[in-house]
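Chemist: My file is input_30.txt. It has compact mmCIF, C-alpha atoms:
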```txt
# COMPACT_ATOMS: atom_id res chain seq x y z
CA MET H 53 0.00 0.00 0.00
CA ALA H 54 1.33 3.42 -0.95
CA ALA H 55 2.77 5.47 1.88
CA ALA H 56 1.96 9.12 2.33
CA PRO H 57 4.27 11.40 0.34
CA HIS H 58 6.66 13.59 2.24
CA ILE H 59 9.35 16.15 1.60
CA GLU H 60 13.01 15.57 2.24
CA LEU H 61 14.33 19.09 2.62
CA ASP H 62 16.67 20.06 -0.21
CA SER H 63 18.95 22.14 1.98
CA ARG H 64 19.83 22.53 5.63
CA SER H 65 20.22 26.28 5.13
CA PRO H 66 17.75 28.35 7.16
CA GLU H 67 17.13 30.32 3.97
CA ALA H 68 15.82 27.26 2.11
CA VAL H 69 12.20 27.56 1.07
CA ASP H 70 10.29 24.71 2.72
CA GLY H 71 6.53 24.84 2.31
CA ARG H 72 5.84 22.85 5.45
CA GLN H 73 7.95 25.23 7.50
CA ILE H 74 6.15 28.21 5.99
CA ARG H 75 2.82 26.62 6.97
CA ALA H 76 4.16 25.80 10.43
CA VAL H 77 5.26 29.33 11.30
CA THR H 78 2.14 30.83 9.72
CA PHE H 79 -0.27 28.52 11.53
CA GLN H 80 1.55 28.26 14.88
CA ASP H 81 -0.38 30.89 16.82
CA SER H 82 -3.75 29.62 15.55
CA ARG H 83 -2.81 26.04 16.31
CA LEU H 84 -1.79 26.78 19.89
CA GLU H 85 -4.81 29.00 20.48
CA TYR H 86 -7.04 26.16 19.33
CA VAL H 87 -5.18 23.67 21.54
CA ARG H 88 -5.68 25.88 24.60
CA THR H 89 -9.38 26.30 23.80
CA THR H 90 -9.80 22.55 23.30
CA LEU H 91 -8.06 21.70 26.57
CA LYS H 92 -10.62 23.81 28.40
CA SER H 93 -13.50 22.17 26.51
CA VAL H 94 -12.39 18.62 27.33
CA ASP H 95 -11.10 19.43 30.84
CA LEU H 96 -7.60 18.19 30.11
CA SER H 97 -4.51 19.62 31.80
CA ALA H 98 -1.30 19.76 29.77
CA SER H 99 0.76 19.33 32.91
CA GLY H 100 1.39 15.65 33.46
CA SER H 101 -0.15 14.66 30.11
CA ARG H 102 1.53 13.04 27.11
CA ALA H 103 1.13 14.38 23.58
CA VAL H 104 2.29 13.13 20.20
CA VAL H 105 2.64 15.46 17.21
CA VAL H 106 2.38 13.68 13.88
CA GLY H 107 3.74 15.71 10.97
CA SER H 108 6.03 17.59 13.33
CA GLY H 109 8.34 19.04 10.66
CA ARG H 110 11.15 21.14 12.08
CA GLY H 111 9.61 20.96 15.54
CA LEU H 112 7.85 24.27 16.02
CA LEU H 113 4.52 22.76 17.14
CA PRO H 114 6.12 20.14 19.45
CA ARG H 115 8.03 22.94 21.16
CA GLY H 116 4.80 24.88 21.51
CA LEU H 117 3.05 21.93 23.19
CA ALA H 118 6.05 21.35 25.44
CA GLY H 119 5.78 25.01 26.44
CA LEU H 120 2.19 24.34 27.51
CA GLY H 121 3.41 21.58 29.81
CA PHE H 122 2.98 18.40 27.76
CA ASP H 123 5.47 15.54 27.66
CA VAL H 124 5.92 15.44 23.88
CA VAL H 125 6.84 12.87 21.24
CA ALA H 126 7.37 14.39 17.77
CA VAL H 127 7.00 12.15 14.72
CA ASP H 128 7.73 13.07 11.10
CA PRO H 129 8.28 10.98 7.95
CA SER H 130 11.34 13.06 6.98
CA ALA H 131 14.60 12.10 8.68
CA THR H 132 16.10 15.45 7.70
CA ALA H 133 13.24 17.39 9.27
CA THR H 134 13.51 15.25 12.42
CA GLU H 135 17.19 16.03 12.80
CA MET H 136 16.62 19.75 12.22
CA ALA H 137 13.85 19.71 14.82
CA ARG H 138 16.10 17.95 17.32
CA GLU H 139 18.89 20.47 16.80
CA ALA H 140 16.51 23.43 17.10
CA GLY H 141 14.83 22.20 20.27
CA GLU H 142 17.58 20.50 22.25
CA ARG H 143 18.50 23.58 24.30
CA GLU H 144 15.06 24.97 25.13
CA TYR H 145 13.11 21.69 25.34
CA PRO H 146 15.59 18.80 25.66
CA GLY H 147 12.87 16.42 26.85
CA ILE H 148 11.06 16.16 23.49
CA ASP H 149 11.41 12.70 21.94
CA TYR H 150 11.98 13.05 18.16
CA ARG H 151 11.27 10.10 15.88
CA THR H 152 11.09 9.40 12.15
CA ALA H 153 8.12 7.32 11.01
CA PRO H 154 5.17 7.53 8.59
CA ALA H 155 1.76 8.43 9.96
CA GLU H 156 0.47 5.01 8.90
CA ARG H 157 3.02 3.18 11.10
CA LEU H 158 4.01 5.26 14.11
CA GLY H 159 5.76 2.51 16.06
CA LEU H 160 4.38 3.82 19.36
CA ALA H 161 2.70 1.94 22.21
CA ASP H 162 -1.05 1.39 22.41
CA GLY H 163 -2.96 3.92 24.52
CA ALA H 164 0.17 5.90 25.37
CA PHE H 165 -1.09 9.44 24.78
CA ASP H 166 -3.67 11.83 26.19
CA LEU H 167 -3.50 14.05 23.11
CA ALA H 168 -2.48 13.57 19.48
CA TYR H 169 -2.04 16.53 17.15
CA TYR H 170 -1.97 15.77 13.42
CA ALA H 171 -0.45 18.61 11.38
CA ASP H 172 -0.05 18.68 7.60
CA THR H 173 -1.00 15.00 7.48
CA PHE H 174 -4.62 14.25 6.58
CA GLU H 175 -4.44 16.22 3.32
CA ILE H 176 -1.48 14.26 1.94
CA THR H 177 -2.18 10.66 2.91
CA PRO H 178 -3.74 8.30 0.35
CA ASP H 179 -4.98 6.07 3.20
CA LEU H 180 -6.76 8.27 5.72
CA ASP H 181 -8.44 5.33 7.46
CA ARG H 182 -5.09 3.74 8.21
CA VAL H 183 -3.73 7.01 9.60
CA LEU H 184 -6.80 7.43 11.81
CA ALA H 185 -6.61 3.82 12.97
CA GLU H 186 -3.07 4.53 14.18
CA ALA H 187 -4.27 7.68 15.93
CA ALA H 188 -7.01 5.74 17.70
CA ARG H 189 -4.55 3.00 18.67
CA VAL H 190 -2.03 5.30 20.36
CA LEU H 191 -4.66 7.37 22.21
CA ARG H 192 -5.92 6.32 25.63
CA PRO H 193 -9.69 5.90 26.10
CA GLY H 194 -11.12 9.40 26.22
CA GLY H 195 -8.00 10.79 24.57
CA VAL H 196 -8.18 13.81 22.27
CA LEU H 197 -7.19 14.05 18.61
CA ILE H 198 -6.63 17.59 17.32
CA TYR H 199 -6.00 18.18 13.64
CA ASP H 200 -5.70 20.84 11.01
CA THR H 201 -6.30 20.07 7.37
CA VAL H 202 -7.50 21.40 4.02
CA ASN H 203 -11.09 21.38 2.80
CA ARG H 204 -11.96 20.39 -0.77
CA THR H 205 -13.53 23.49 -2.33
CA PHE H 206 -12.95 25.52 -5.47
CA LEU H 207 -10.89 28.04 -3.49
CA SER H 208 -8.76 25.40 -1.72
CA ARG H 209 -7.98 23.73 -5.06
CA LEU H 210 -7.02 27.09 -6.52
CA ILE H 211 -4.60 27.72 -3.65
CA TYR H 212 -3.20 24.28 -2.83
CA LEU H 213 -3.27 22.59 -6.23
CA GLY H 214 -2.51 25.74 -8.19
CA ALA H 215 -0.68 28.52 -6.36
CA PHE H 216 1.27 26.33 -3.94
CA GLN H 217 2.33 23.70 -6.51
CA ARG H 218 2.23 25.14 -10.03
CA VAL H 219 2.59 28.92 -10.12
CA PRO H 220 6.32 29.77 -10.11
CA MET H 221 5.95 32.99 -8.08
CA THR H 222 4.04 31.32 -5.23
CA ARG H 223 5.12 27.66 -5.47
CA ILE H 224 6.26 26.31 -2.09
CA MET H 225 5.50 22.60 -2.51
CA PRO H 226 6.58 19.95 -5.02
CA ALA H 227 4.06 18.87 -7.64
CA GLY H 228 1.86 16.02 -6.46
CA ARG H 229 2.05 16.67 -2.73
CA TYR H 230 -1.61 17.75 -2.81
CA THR H 231 -4.30 16.19 -4.97
CA ALA H 232 -8.03 16.84 -5.06
CA ALA H 233 -8.74 13.29 -3.83
CA ARG H 234 -6.66 13.85 -0.70
CA LEU H 235 -8.42 17.04 0.31
CA ARG H 236 -11.36 16.06 2.54
CA THR H 237 -14.50 17.93 3.44
CA PRO H 238 -15.45 18.17 7.13
CA ALA H 239 -18.28 15.67 6.52
CA GLU H 240 -15.92 13.17 4.90
CA LEU H 241 -13.40 13.52 7.69
CA THR H 242 -16.07 13.17 10.37
CA ALA H 243 -17.25 9.92 8.78
CA ALA H 244 -13.69 8.60 8.58
CA LEU H 245 -13.08 9.44 12.24
CA GLU H 246 -16.25 7.60 13.26
CA ARG H 247 -15.14 4.47 11.39
CA GLN H 248 -12.13 4.34 13.72
CA GLY H 249 -14.03 4.96 16.97
CA LEU H 250 -13.20 8.66 17.11
CA ARG H 251 -16.10 11.04 17.74
CA ASN H 252 -15.67 14.42 16.09
CA GLU H 253 -16.58 17.24 18.48
CA ASP H 254 -15.73 20.43 16.64
CA ILE H 255 -14.86 22.05 13.30
CA CYS H 256 -13.28 25.51 13.24
CA ASP H 257 -12.35 27.57 10.20
CA PHE H 258 -9.05 29.44 10.34
CA LYS H 259 -7.83 31.87 7.72
CA PRO H 260 -5.78 35.00 7.11
CA LYS H 261 -7.51 38.26 7.97
CA ASP H 262 -6.51 39.48 4.52
CA PRO H 263 -5.82 36.75 1.90
CA ARG H 264 -3.70 39.23 -0.05
CA SER H 265 -1.19 39.18 2.80
CA LEU H 266 -0.64 35.44 2.30
CA VAL H 267 0.14 35.97 -1.39
CA LYS H 268 2.44 38.86 -0.55
CA ALA H 269 4.35 36.88 2.09
CA THR H 270 4.64 33.76 -0.08
CA MET H 271 6.05 35.73 -3.01
CA ALA H 272 8.49 37.57 -0.76
CA ARG H 273 9.68 34.29 0.75
CA ARG H 274 10.13 32.74 -2.69
CA ARG H 275 12.30 35.67 -3.70
CA GLY H 276 14.39 35.48 -0.54
CA ARG H 277 13.33 38.90 0.69
CA ILE H 278 12.11 37.60 4.04
CA THR H 279 12.82 34.58 6.24
CA ASP H 280 10.32 32.04 7.56
CA GLU H 281 10.28 33.80 10.92
CA GLN H 282 9.24 37.10 9.31
CA ILE H 283 6.07 35.62 7.78
CA PRO H 284 3.68 35.60 10.82
CA PRO H 285 3.61 39.39 11.30
CA ILE H 286 2.64 39.74 7.63
CA VAL H 287 0.02 36.98 7.57
CA ASP H 288 -2.30 37.23 10.56
CA PHE H 289 -4.33 34.01 10.77
CA VAL H 290 -7.46 34.01 12.91
CA LEU H 291 -9.89 31.39 14.18
CA ALA H 292 -13.42 31.70 12.79
CA PRO H 293 -15.52 29.06 14.60
CA ASP H 294 -18.83 30.25 13.15
CA ALA H 295 -17.67 30.41 9.53
CA ARG H 296 -17.87 27.71 6.86
CA PRO H 297 -14.31 26.54 6.14
CA LEU H 298 -13.42 27.53 2.60
CA VAL H 299 -9.77 26.46 2.68
CA THR H 300 -8.32 25.25 5.98
CA TYR H 301 -9.95 24.05 9.16
CA LEU H 302 -9.09 22.80 12.63
CA GLY H 303 -11.04 20.27 14.66
CA TYR H 304 -10.90 17.78 17.44
CA ALA H 305 -12.29 14.33 18.15
CA ARG H 306 -12.34 12.03 21.18
CA LYS H 307 -11.68 8.34 21.45
CA GLY H 308 -14.74 6.55 22.78
```
Could I get this file's structure written as structure tokens?
Modeler:
Amino acid sequence: MAAAPHIELDSRSPEAVDGRQIRAVTFQDSRLEYVRTTLKSVDLSASGSRAVVVGSGRGLLPRGLAGLGFDVVAVDPSATATEMAREAGEREYPGIDYRTAPAERLGLADGAFDLAYYADTFEITPDLDRVLAEAARVLRPGGVLIYDTVNRTFLSRLIYLGAFQRVPMTRIMPAGRYTAARLRTPAELTAALERQGLRNEDICDFKPKDPRSLVKATMARRRGRITDEQIPPIVDFVLAPDARPLVTYLGYARKG
């Protein structure tokens, strides 16, 4: 069975354009805000809890969860990204456990985690049910799965299949990373979660306040005028819980 595609970073230079890193720094504040909101909703304390981040990239989100108080395991299919994450986090958060593995075969113990965060994962896997089965397996009963992913709409196709993969000025991902079949609607994802014993509890749209800022930042990054770390002030993403997700959305589910 085909494994989920992933990116081996072409360069270890901090100036290298890596689409996953761009998404990570752009989404970080929204992701952590949603995590904090979810923890309150499910009455879960980060302190003393274990979390796994699947699709951890260069480690920004795992470090964020560690900062909230979680004991964190970070898993990514790219060995290069794993090593870069380890190097970046070893001083500030030396307790994070970094591993290289595909989302379909995590190699982690059954029921070991209170929380699992899946980043940049659902929209690239050809076998979502297998990924979700692994998520359900590693979560304890009552455990929480938080995710962010990409909806399948005209606008999301325009951005993810077009601008991010095909248009030279805004391309940040290799061709084929995203396909229409791998973008799932909230209804499709909810049904897939239920098949694996995971009850979806929430869907939340998140988006840039001004979409033009995302185009501006992406083009500037492609041209080397700004670094990854300079993107967030330009692109201000916000949570929109009452809006219909047109491109990206967050959500959480619980293991029954």
Chemist: Considering all atoms listed in the file, give me a table of residues in range 174-243 of chain H that are at most 7 Å from range 285-308 of chain H, with the closest atom pair and distance in Å for each, as CSV.
Modeler:
```
residue,atom,partner,partner_atom,distance
H:Ala188,CA,H:Lys307,CA,6.5
H:Pro193,CA,H:Lys307,CA,5.6
H:Gly194,CA,H:Lys307,CA,4.9
H:Gly195,CA,H:Lys307,CA,5.4
H:Val196,CA,H:Arg306,CA,4.7
H:Leu197,CA,H:Ala305,CA,5.1
H:Ile198,CA,H:Tyr304,CA,4.3
H:Tyr199,CA,H:Gly303,CA,5.6
H:Asp200,CA,H:Leu302,CA,4.2
H:Thr201,CA,H:Tyr301,CA,5.7
H:Val202,CA,H:Thr300,CA,4.4
H:Asn203,CA,H:Val299,CA,5.3
H:Thr205,CA,H:Leu298,CA,6.4
H:Leu207,CA,H:Val299,CA,6.5
H:Ser208,CA,H:Val299,CA,4.6
```
Chemist: Would you work out the distance separating CA of Arg209 in chain H from CA of Ile74 in chain H, expressed in Å to one decimal?
Modeler: 18.5 Å
Chemist: From (-5.9, 7.9, 4.7), in the file's coordinates, out to 10 Å: which residues are reached, counting only C-alpha atoms? Answer as a PyMOL selection string.
Modeler: chain H and resi 55-56+155-156+173-185+234+241+244
Chemist: Quick one: of H:Ala187, H:Val124, H:Ile148, H:Ala137, who's nearest to Gly249 in chain H, counting all atoms listed in the file?
Modeler: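 For Gly249 in chain H, the nearest of the given residues is H:Ala187.
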Chemist: So that I can see what lies close to range 131-133 of chain H, please list as a PDB file with C-alpha atoms, in the frame of the given file the residues with an atom at most 6 Å from it, counting only C-alpha atoms and leaving out residues fewer than 4 positions away in the same chain.
Modeler:
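The result, written out as out_25.pdb:
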```pdb
ATOM      1  CA  GLY H 109       8.340  19.040  10.660  1.00  0.00           C
ATOM      2  CA  ARG H 110      11.150  21.140  12.080  1.00  0.00           C
ATOM      3  CA  THR H 152      11.090   9.400  12.150  1.00  0.00           C
TER       4      THR H 152
END
```
Chemist: Write out as JSON, numbers by chain the residues lying within 7 Å of Val190 in chain H, counting all atoms listed in the file and excluding same-chain residues fewer than 4 positions away.
Modeler: {"H": [160, 161, 162, 163, 164, 165, 186]}
Chemist: Pick the closest to Val77 in chain H from H:Leu113, H:Gly100, H:Val105, H:Asp254: which is it, counting all atoms listed in the file?
Modeler: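 Once distances to Val77 in chain H are computed over all atoms listed in the file, the minimum belongs to H:Leu113.
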Chemist: So which residues touch Leu96 in chain H within 12 Å, counting all atoms listed in the file, skipping near sequence neighbours fewer than 2 positions away, as a ChimeraX atom specification?
Modeler: /H:87-94,98-103,120-122,166-167,194-196,306
Chemist: Mind writing the picked residues with C-alpha atoms as a PDB file, keeping the file's coordinate frame?
Modeler:
```pdb
ATOM      1  CA  VAL H  87      -5.180  23.670  21.540  1.00  0.00           C
ATOM      2  CA  ARG H  88      -5.680  25.880  24.600  1.00  0.00           C
ATOM      3  CA  THR H  89      -9.380  26.300  23.800  1.00  0.00           C
ATOM      4  CA  THR H  90      -9.800  22.550  23.300  1.00  0.00           C
ATOM      5  CA  LEU H  91      -8.060  21.700  26.570  1.00  0.00           C
ATOM      6  CA  LYS H  92     -10.620  23.810  28.400  1.00  0.00           C
ATOM      7  CA  SER H  93     -13.500  22.170  26.510  1.00  0.00           C
ATOM      8  CA  VAL H  94     -12.390  18.620  27.330  1.00  0.00           C
ATOM      9  CA  ALA H  98      -1.300  19.760  29.770  1.00  0.00           C
ATOM     10  CA  SER H  99       0.760  19.330  32.910  1.00  0.00           C
ATOM     11  CA  GLY H 100       1.390  15.650  33.460  1.00  0.00           C
ATOM     12  CA  SER H 101      -0.150  14.660  30.110  1.00  0.00           C
ATOM     13  CA  ARG H 102       1.530  13.040  27.110  1.00  0.00           C
ATOM     14  CA  ALA H 103       1.130  14.380  23.580  1.00  0.00           C
ATOM     15  CA  LEU H 120       2.190  24.340  27.510  1.00  0.00           C
ATOM     16  CA  GLY H 121       3.410  21.580  29.810  1.00  0.00           C
ATOM     17  CA  PHE H 122       2.980  18.400  27.760  1.00  0.00           C
ATOM     18  CA  ASP H 166      -3.670  11.830  26.190  1.00  0.00           C
ATOM     19  CA  LEU H 167      -3.500  14.050  23.110  1.00  0.00           C
ATOM     20  CA  GLY H 194     -11.120   9.400  26.220  1.00  0.00           C
ATOM     21  CA  GLY H 195      -8.000  10.790  24.570  1.00  0.00           C
ATOM     22  CA  VAL H 196      -8.180  13.810  22.270  1.00  0.00           C
ATOM     23  CA  ARG H 306     -12.340  12.030  21.180  1.00  0.00           C
TER      24      ARG H 306
END
```
Chemist: Could you work out how far CA of Arg236 in chain H lies from CA of Arg192 in chain H, giving the answer in Å with one decimal?
Modeler: 25.6 Å
Chemist: Pick out the residues sitting within 9 Å of Gln80 in chain H, and hand them over as a ChimeraX atom specification; count all atoms listed in the file, and ignore anything fewer than 3 positions along from it in its own chain.
Modeler: /H:75-77,83-85,112-113,116,284
Chemist: For Pro260 in chain H, which of H:Leu235, H:Met225, H:Leu191, H:Ile283 is the closest residue, counting all atoms listed in the file?
Modeler: H:Ile283
Chemist: Report, in Å with one decimal, the straight-line distance from CA of Glu142 in chain H to CA of Pro154 in chain H.
Modeler: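 Calculated distance between CA of Glu142 in chain H and CA of Pro154 in chain H is 22.6 Å.
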Chemist: Grab all the atoms of range 155-160 of chain H that the file lists, wrap them in a box along x, y and z, add 6 Å per side, and give me centre plus edge lengths in Å (one decimal) as AutoDock Vina command-line options.
Modeler:
```
--center_x 3.1 --center_y 5.5 --center_z 14.1 --size_x 17.3 --size_y 17.9 --size_z 22.5
```
